[in-house]
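Colleague: Pasting a structure below so you can have a look.
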Amino acid sequence: MNKKNFLWALPLLVACEATPEPPPVVIPTPDPKTPVTSTEQPTMPVDHPDPVGLEVASRGPRRLSVEQLERTLEHIADLPLGSIEIPENLALTMGKPDFLRVTEESLDPSPLYMKFIVDLGGFYCTGIADADLNAQTPRPENQRLMNRYPASVDDGLEHMLLMFTGIEGEDAAPYVERLRRAYDAGAASALGARGGWEASCLALFTSPEFLLY
Amino acid sequence: MTKLHSSRRGFLKQAAFGAGGLLLGSSLSRRALAQTGMDDHRFVFAYFEGGWDILLGLDPRGTQTSPETDLIDPGWGALPMNYRNRGIRTEGALRVGPAMAPEMVQHLPDCSIVNAIGMDTASHEVGRRYFITGRFPRGIAAVGSSTASEISAQLADAQPIPNMSAGVESYATGLPAHATALNVNGLTDLVVALTPFVEIDPTVVSAMQAYQDEAPGCGAQRLDRNGLASHLLRNQKRARTYIESRLDSLFDLGRQDAEMETLRQRYGIGGGDTTNPSSPEILSFVAGQALKNEVSRVVSVRVAQNLDTHSNWAADQPSRQERGWRALASLMTDLKATPLRDTGKSMFDVTTFVVFSEFGRTPLFNNLQGRDHFLGNSCLVAGPGMKRNTTIGQSAVRGMMPYSTDLDSGTGVPSPTEAQLSSGRVQTLSPKHVLATVLESAGLNHEYLRTEPIQALLT
C-alpha cells in the first residue's frame, strides 16, 4: 500500500472506532426437560406382562446349536473342517430346523437331546482315544486332546478342560480335581488309562460348561 | 490323522431313523402350574391324517339323500358292496357310517360324537394345528402349545415319558420340561430313543455319571442365570431313566412270550403293511403299551393315514378310514382288558379320548369322483367326566355346513335368534369348544382357550 492510499483510509478507521456498541446478545434460557433417568413406565394394557420382568432371550445363556457343536468338536480335537457331520435326521432331533415344518432352531437341552449327547459323546471320545492313544501311531503331542502331556495326567486334564470349556487358571483347579476323580474311576476299568481319558472326555462333553455358552 | 465321520462305528447305521426323524418342540420351565392330583387320569389324542369323510364315519346320510335337492351325495352307489351292505349303524344315540369298523361300533356305547364343528379352513396344516392346539394358527404356524402338552404341564411329572406323540405334531411353548412330547414317527424311532446306540464301557459310564452328579462348578453356576444349566442337568438325569428303565422291552414286538403274542393278535400285527413301524396298528400298540405300563399319561397317536382322497375315493377312503377305526378299537379293547391296579376299574375307565381329523370332505363329488376339503368337521370323544352315547350338534340338512349349537342342550340350531346369539350360549362349534370340554371334564384349566365348554357333553 502506498502512502497516499494509507492517508485516505485513516479517517475511515477513526470513524469506525467512534460507532456505538451493538446491544448485548440475549441467550435464551433452555426450558427444563424431563430427566433421562426417569423410571416411569407407560400404562400397559390389561393382562400385559410386566415389561420390567420380561426376559431378553438374546442376553441369557444358550445351548450350542448343531452347527456350533460340529465346528466346536472339530476345533477341540484339531480335526479338519467338515470332519464332524451329525446325520441329518439326528440333527433334526437335536433341534436343527428343516425349513419345511420347522424354521427356527430349537435350543432346548431336552431329555432326548441329552440322551443323544451321551451317544454322540461316546462316539466322539472313543474316536479321539483311537487317534491319540494308539500304541503304534499316536498323533503328535501338540495335536492331541488326550494325553497331551504324557508326564502329567493333571496337565492333560487341564488342557482338555481348556479346550472344552475355556476354563483356565484359578477357576480350573476344582474342575481338574473333579476330572481327576473321573479319570481314576475310568482308568479302573479294563481299558486302563484309555478308560480314564474317555471318562474325562465324556464328563466334559455332557457338561453344561461345554454345551451352554 | 484319524478323521471322524458320522458313519464311523456304525453311528449312522444305528441311528437309522424314519424319514422325519424325531422332532422335539422347545420349552423351558417358565410356568408353574398346580398339580391336579389326578394320579390315574390318562389321555389319548387319536389323529386321522389327511381329512376324513364324515359321511362315511361320524355324520352319515341315508340313501334317500339327494345330491340335487340336498347338495349332499353320500356316494352309496359308488361304494364297494361290503360297505354298502353295512349301511348306517345306530348304537343308542349315535349313528355312524359304513367305514366305521364293526370292532369300533362295539365301543360306541362308551363314546360321544360332536358334529357341526366349523374349522374355518380348508388347509391341512391349519386344520390339523387348530385341532392340536385349540388356537387358530398364524398363517400355517401353530400358535401356543398342543393340548397334550398343556395337559402334561398341569399333571405331575411322574412318568419316564409323560407326553408321547407317535406320528402327530406336537408343540410346547413356555411349558415345563416334562410337558414337551417325545415325538416319534414310528416304533423304530422309539426304540432308538430308548436304547443306547454307542457301546461305552460300563465303568466309564459310571465315572461320567459320578462327575455329572457332583455339585456343578462355578462355570455352570454362571451359566444358570436363567435356569438353563439346572434345566440341562435335570434333563440329563431324565435321559438316564429312558435307558435305565429298560423301556425298550415293552415295545419289543419280536418278544416270543405269551403276553406279546396276545398283544400282536389284539392289535392285528402279523404281516404285510401291519409290520411297518409307522402303521396304524403298531402306533396304536405303542400308545397302549405306554399308557398301560405307566410310561406315559398323555399320548397322541396317528391311527389313520392318507385320507386325502381327492380321487379314487370309493376305493381308498372307506378302507383307510376303517383301518384307523379298527386300530383305535384295538387300543380301547386293550385298555378295557387291563385292570387299573386293584381299583375294580379298567384303564379305559380313566382314559379320555379325543379322536379327530383336520377337516371333513365335501358332501359332493369333484370331477375325479373324489371329495375335496370341507369346512365342516366332526369328532369322537370318550372319557370320565363326559357323557356317554350322546350326539352333540347337527350339520345342515342341505349342504352339510355346521348349524349353530346350543351349548347347554347340545342341539343344533338352524336359525338362531338374535337373543340366542347375544346370550353366548348358541355358537358355531370349533375345536376350541371340544378341547375346552375335554379339559373341563378332567378338571383341568382351560382358560387359555378363552371359550366355553359344551355343557351338554359334561356329566
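In the C-alpha cells, chains take the letters A, B, ... in the order shown, each chain's residues start at 1, and ligands count up from 1 in the order shown.
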Applying 6 Å and only C-alpha atoms, which residues near segment 162-174 of chain B remain after dropping the ones on its own chain fewer than 4 positions away? List them as number ranges by chain.
Modeller: B: 25, 27-28, 30, 144-146, 149, 180-185, 296-302
Colleague: Which residues in segment 58-164 of chain A does DSSP call alpha helix (DSSP H)? List them as a PyMOL selection string.
Modeller: chain A and resi 66-76+88-93+111-132+153-164
Colleague: Write the residues of the selection above to a file with C-alpha atoms, as a PDB file, in the first residue's frame.
Modeller:
```pdb
ATOM      1  CA  VAL A  66     -25.994 -78.253  15.971  1.00  0.00           C
ATOM      2  CA  GLU A  67     -23.619 -76.439  13.634  1.00  0.00           C
ATOM      3  CA  GLN A  68     -21.813 -74.794  16.510  1.00  0.00           C
ATOM      4  CA  LEU A  69     -21.443 -78.205  18.092  1.00  0.00           C
ATOM      5  CA  GLU A  70     -19.973 -79.687  14.920  1.00  0.00           C
ATOM      6  CA  ARG A  71     -17.440 -76.912  14.412  1.00  0.00           C
ATOM      7  CA  THR A  72     -16.538 -76.826  18.113  1.00  0.00           C
ATOM      8  CA  LEU A  73     -15.843 -80.532  18.193  1.00  0.00           C
ATOM      9  CA  GLU A  74     -13.536 -80.190  15.209  1.00  0.00           C
ATOM     10  CA  HIS A  75     -11.667 -77.351  16.863  1.00  0.00           C
ATOM     11  CA  ILE A  76     -11.304 -79.138  20.198  1.00  0.00           C
ATOM     12  CA  GLU A  88     -29.433 -85.060   9.133  1.00  0.00           C
ATOM     13  CA  ASN A  89     -32.175 -86.978  10.915  1.00  0.00           C
ATOM     14  CA  LEU A  90     -30.277 -86.887  14.170  1.00  0.00           C
ATOM     15  CA  ALA A  91     -29.633 -83.175  13.677  1.00  0.00           C
ATOM     16  CA  LEU A  92     -33.394 -82.634  13.340  1.00  0.00           C
ATOM     17  CA  THR A  93     -33.878 -84.489  16.584  1.00  0.00           C
ATOM     18  CA  PRO A 111     -34.071 -85.128  27.753  1.00  0.00           C
ATOM     19  CA  LEU A 112     -33.857 -86.674  24.317  1.00  0.00           C
ATOM     20  CA  TYR A 113     -31.179 -84.174  23.314  1.00  0.00           C
ATOM     21  CA  MET A 114     -29.166 -85.101  26.389  1.00  0.00           C
ATOM     22  CA  LYS A 115     -29.638 -88.772  25.585  1.00  0.00           C
ATOM     23  CA  PHE A 116     -28.177 -88.266  22.143  1.00  0.00           C
ATOM     24  CA  ILE A 117     -25.386 -86.118  23.537  1.00  0.00           C
ATOM     25  CA  VAL A 118     -24.231 -89.103  25.578  1.00  0.00           C
ATOM     26  CA  ASP A 119     -24.369 -91.251  22.442  1.00  0.00           C
ATOM     27  CA  LEU A 120     -22.529 -88.637  20.413  1.00  0.00           C
ATOM     28  CA  GLY A 121     -20.009 -88.182  23.201  1.00  0.00           C
ATOM     29  CA  GLY A 122     -19.350 -91.914  23.289  1.00  0.00           C
ATOM     30  CA  PHE A 123     -18.701 -91.921  19.576  1.00  0.00           C
ATOM     31  CA  TYR A 124     -16.507 -88.819  19.705  1.00  0.00           C
ATOM     32  CA  CYS A 125     -14.424 -89.682  22.753  1.00  0.00           C
ATOM     33  CA  THR A 126     -13.692 -93.245  21.655  1.00  0.00           C
ATOM     34  CA  GLY A 127     -12.730 -91.898  18.243  1.00  0.00           C
ATOM     35  CA  ILE A 128     -10.334 -89.391  19.766  1.00  0.00           C
ATOM     36  CA  ALA A 129      -8.931 -92.074  22.043  1.00  0.00           C
ATOM     37  CA  ASP A 130      -8.280 -94.223  18.975  1.00  0.00           C
ATOM     38  CA  ALA A 131      -6.310 -91.403  17.419  1.00  0.00           C
ATOM     39  CA  ASP A 132      -4.459 -90.038  20.431  1.00  0.00           C
ATOM     40  CA  VAL A 153      -2.203 -86.551  33.768  1.00  0.00           C
ATOM     41  CA  ASP A 154      -3.400 -83.412  35.563  1.00  0.00           C
ATOM     42  CA  ASP A 155      -1.811 -81.179  32.952  1.00  0.00           C
ATOM     43  CA  GLY A 156      -3.515 -83.241  30.279  1.00  0.00           C
ATOM     44  CA  LEU A 157      -6.865 -82.900  32.028  1.00  0.00           C
ATOM     45  CA  GLU A 158      -6.338 -79.164  32.382  1.00  0.00           C
ATOM     46  CA  HIS A 159      -5.684 -78.920  28.674  1.00  0.00           C
ATOM     47  CA  MET A 160      -8.816 -80.919  27.908  1.00  0.00           C
ATOM     48  CA  LEU A 161     -10.829 -78.667  30.225  1.00  0.00           C
ATOM     49  CA  LEU A 162      -9.491 -75.603  28.485  1.00  0.00           C
ATOM     50  CA  MET A 163     -10.365 -76.967  25.053  1.00  0.00           C
ATOM     51  CA  PHE A 164     -13.909 -77.978  26.004  1.00  0.00           C
TER      52      PHE A 164
END
```
Colleague: Which residues are close to segment 374-389 of chain B, i.e. within 7 Å by only C-alpha atoms, leaving aside same-chain residues fewer than 3 positions away? Reply as a PDB file with C-alpha atoms, in the first residue's frame.
Modeller:
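part_22.pdb, freshly written:
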```pdb
ATOM      1  CA  ILE B  54     -67.589 -87.783   7.908  1.00  0.00           C
ATOM      2  CA  LEU B  58     -69.404 -89.797  12.245  1.00  0.00           C
ATOM      3  CA  GLY B  92     -78.175 -95.739  21.029  1.00  0.00           C
ATOM      4  CA  ALA B  93     -77.974 -92.047  20.255  1.00  0.00           C
ATOM      5  CA  LEU B  94     -75.097 -92.447  17.826  1.00  0.00           C
ATOM      6  CA  LEU B 108     -69.787 -96.685  20.788  1.00  0.00           C
ATOM      7  CA  PRO B 109     -71.902 -97.014  23.947  1.00  0.00           C
ATOM      8  CA  ASP B 110     -68.920 -95.510  25.783  1.00  0.00           C
ATOM      9  CA  CYS B 111     -68.357 -92.706  23.291  1.00  0.00           C
ATOM     10  CA  SER B 112     -69.997 -89.478  22.168  1.00  0.00           C
ATOM     11  CA  ILE B 113     -69.948 -87.643  18.856  1.00  0.00           C
ATOM     12  CA  VAL B 114     -69.614 -83.906  18.308  1.00  0.00           C
ATOM     13  CA  ASN B 115     -70.919 -82.868  14.894  1.00  0.00           C
ATOM     14  CA  ALA B 116     -71.159 -79.477  13.183  1.00  0.00           C
ATOM     15  CA  ILE B 117     -67.664 -78.307  14.037  1.00  0.00           C
ATOM     16  CA  GLY B 118     -66.646 -75.312  11.940  1.00  0.00           C
ATOM     17  CA  MET B 119     -62.969 -75.434  11.005  1.00  0.00           C
ATOM     18  CA  ASP B 120     -62.723 -72.046   9.210  1.00  0.00           C
ATOM     19  CA  THR B 121     -60.036 -73.509   6.999  1.00  0.00           C
ATOM     20  CA  ALA B 122     -59.534 -75.952   4.161  1.00  0.00           C
ATOM     21  CA  ASP B 349     -62.330 -96.060  32.611  1.00  0.00           C
ATOM     22  CA  VAL B 350     -59.692 -93.468  33.436  1.00  0.00           C
ATOM     23  CA  THR B 351     -58.722 -92.558  29.887  1.00  0.00           C
ATOM     24  CA  THR B 352     -60.053 -89.622  27.914  1.00  0.00           C
ATOM     25  CA  PHE B 353     -60.111 -89.992  24.134  1.00  0.00           C
ATOM     26  CA  VAL B 354     -60.241 -87.240  21.535  1.00  0.00           C
ATOM     27  CA  VAL B 355     -60.498 -88.636  18.017  1.00  0.00           C
ATOM     28  CA  PHE B 356     -60.124 -86.021  15.306  1.00  0.00           C
ATOM     29  CA  PHE B 359     -61.462 -81.324   8.465  1.00  0.00           C
ATOM     30  CA  GLY B 360     -64.200 -83.253   6.723  1.00  0.00           C
ATOM     31  CA  ARG B 361     -64.590 -83.792   2.988  1.00  0.00           C
ATOM     32  CA  THR B 362     -67.032 -82.113   0.659  1.00  0.00           C
ATOM     33  CA  MET B 401     -72.485 -76.870   6.742  1.00  0.00           C
ATOM     34  CA  PRO B 402     -72.409 -76.689  10.564  1.00  0.00           C
ATOM     35  CA  SER B 441     -64.240 -82.860  32.096  1.00  0.00           C
ATOM     36  CA  ALA B 442     -60.846 -83.735  33.553  1.00  0.00           C
ATOM     37  CA  LEU B 457     -71.422 -83.050  26.986  1.00  0.00           C
ATOM     38  CA  LEU B 458     -70.317 -82.833  30.596  1.00  0.00           C
ATOM     39  CA  THR B 459     -71.670 -85.147  33.285  1.00  0.00           C
TER      40      THR B 459
END
```
Colleague: To one decimal in Å, tell me the separation between atom CA of Pro160 of chain B and atom CA of Lys237 of chain B.
Modeller: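 We find that atom CA of Pro160 of chain B and atom CA of Lys237 of chain B lie 10.7 Å from each other.
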Colleague: Find the residues around Pro61 of chain A up to 10 Å (only C-alpha atoms counted), leave out those fewer than 2 positions away in its own chain, and share them as a PyMOL selection string.
Modeller: (chain A and resi 57-59+63-64+212-213) or (chain B and resi 222-229)
Colleague: In Å, rounded to a single decimal, give me how far atom CA of Ile72 of chain B is from atom CA of Gly399 of chain B.
Modeller: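 Separation between atom CA of Gly399 of chain B and atom CA of Ile72 of chain B: 5.7 Å.
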Colleague: Using only C-alpha atoms, which residues sit within 8 Å of segment 279-288 of chain B once same-chain residues fewer than 3 positions away are excluded, as a PyMOL selection string?
Modeller: chain B and resi 166-167+186-187+251+263+267-269+273-276+291-292+299-305+323-324+327-328+330-331+334-335
Colleague: How many Å separate atom CA of Val198 of chain B from atom CA of Glu104 of chain A?
Modeller: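 Atom CA of Glu104 of chain A lies at a distance of 28.8 Å from atom CA of Val198 of chain B.
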Colleague: Show which residues sit within 10 Å of Val205 of chain B, as a ChimeraX atom specification. Count only C-alpha atoms, and ignore same-chain residues fewer than 3 positions away.
Modeller: /A:118,122,182,185-186,195,198-199,202-203 /B:199-202,208-211
Colleague: Would you please work out which residue, of A:Asp31, A:Asp50, A:Thr165, A:Asn147, is nearest to chain B when using only C-alpha atoms?
Modeller: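 When distances to chain B are compared using only C-alpha atoms, the smallest one comes from A:Thr165.
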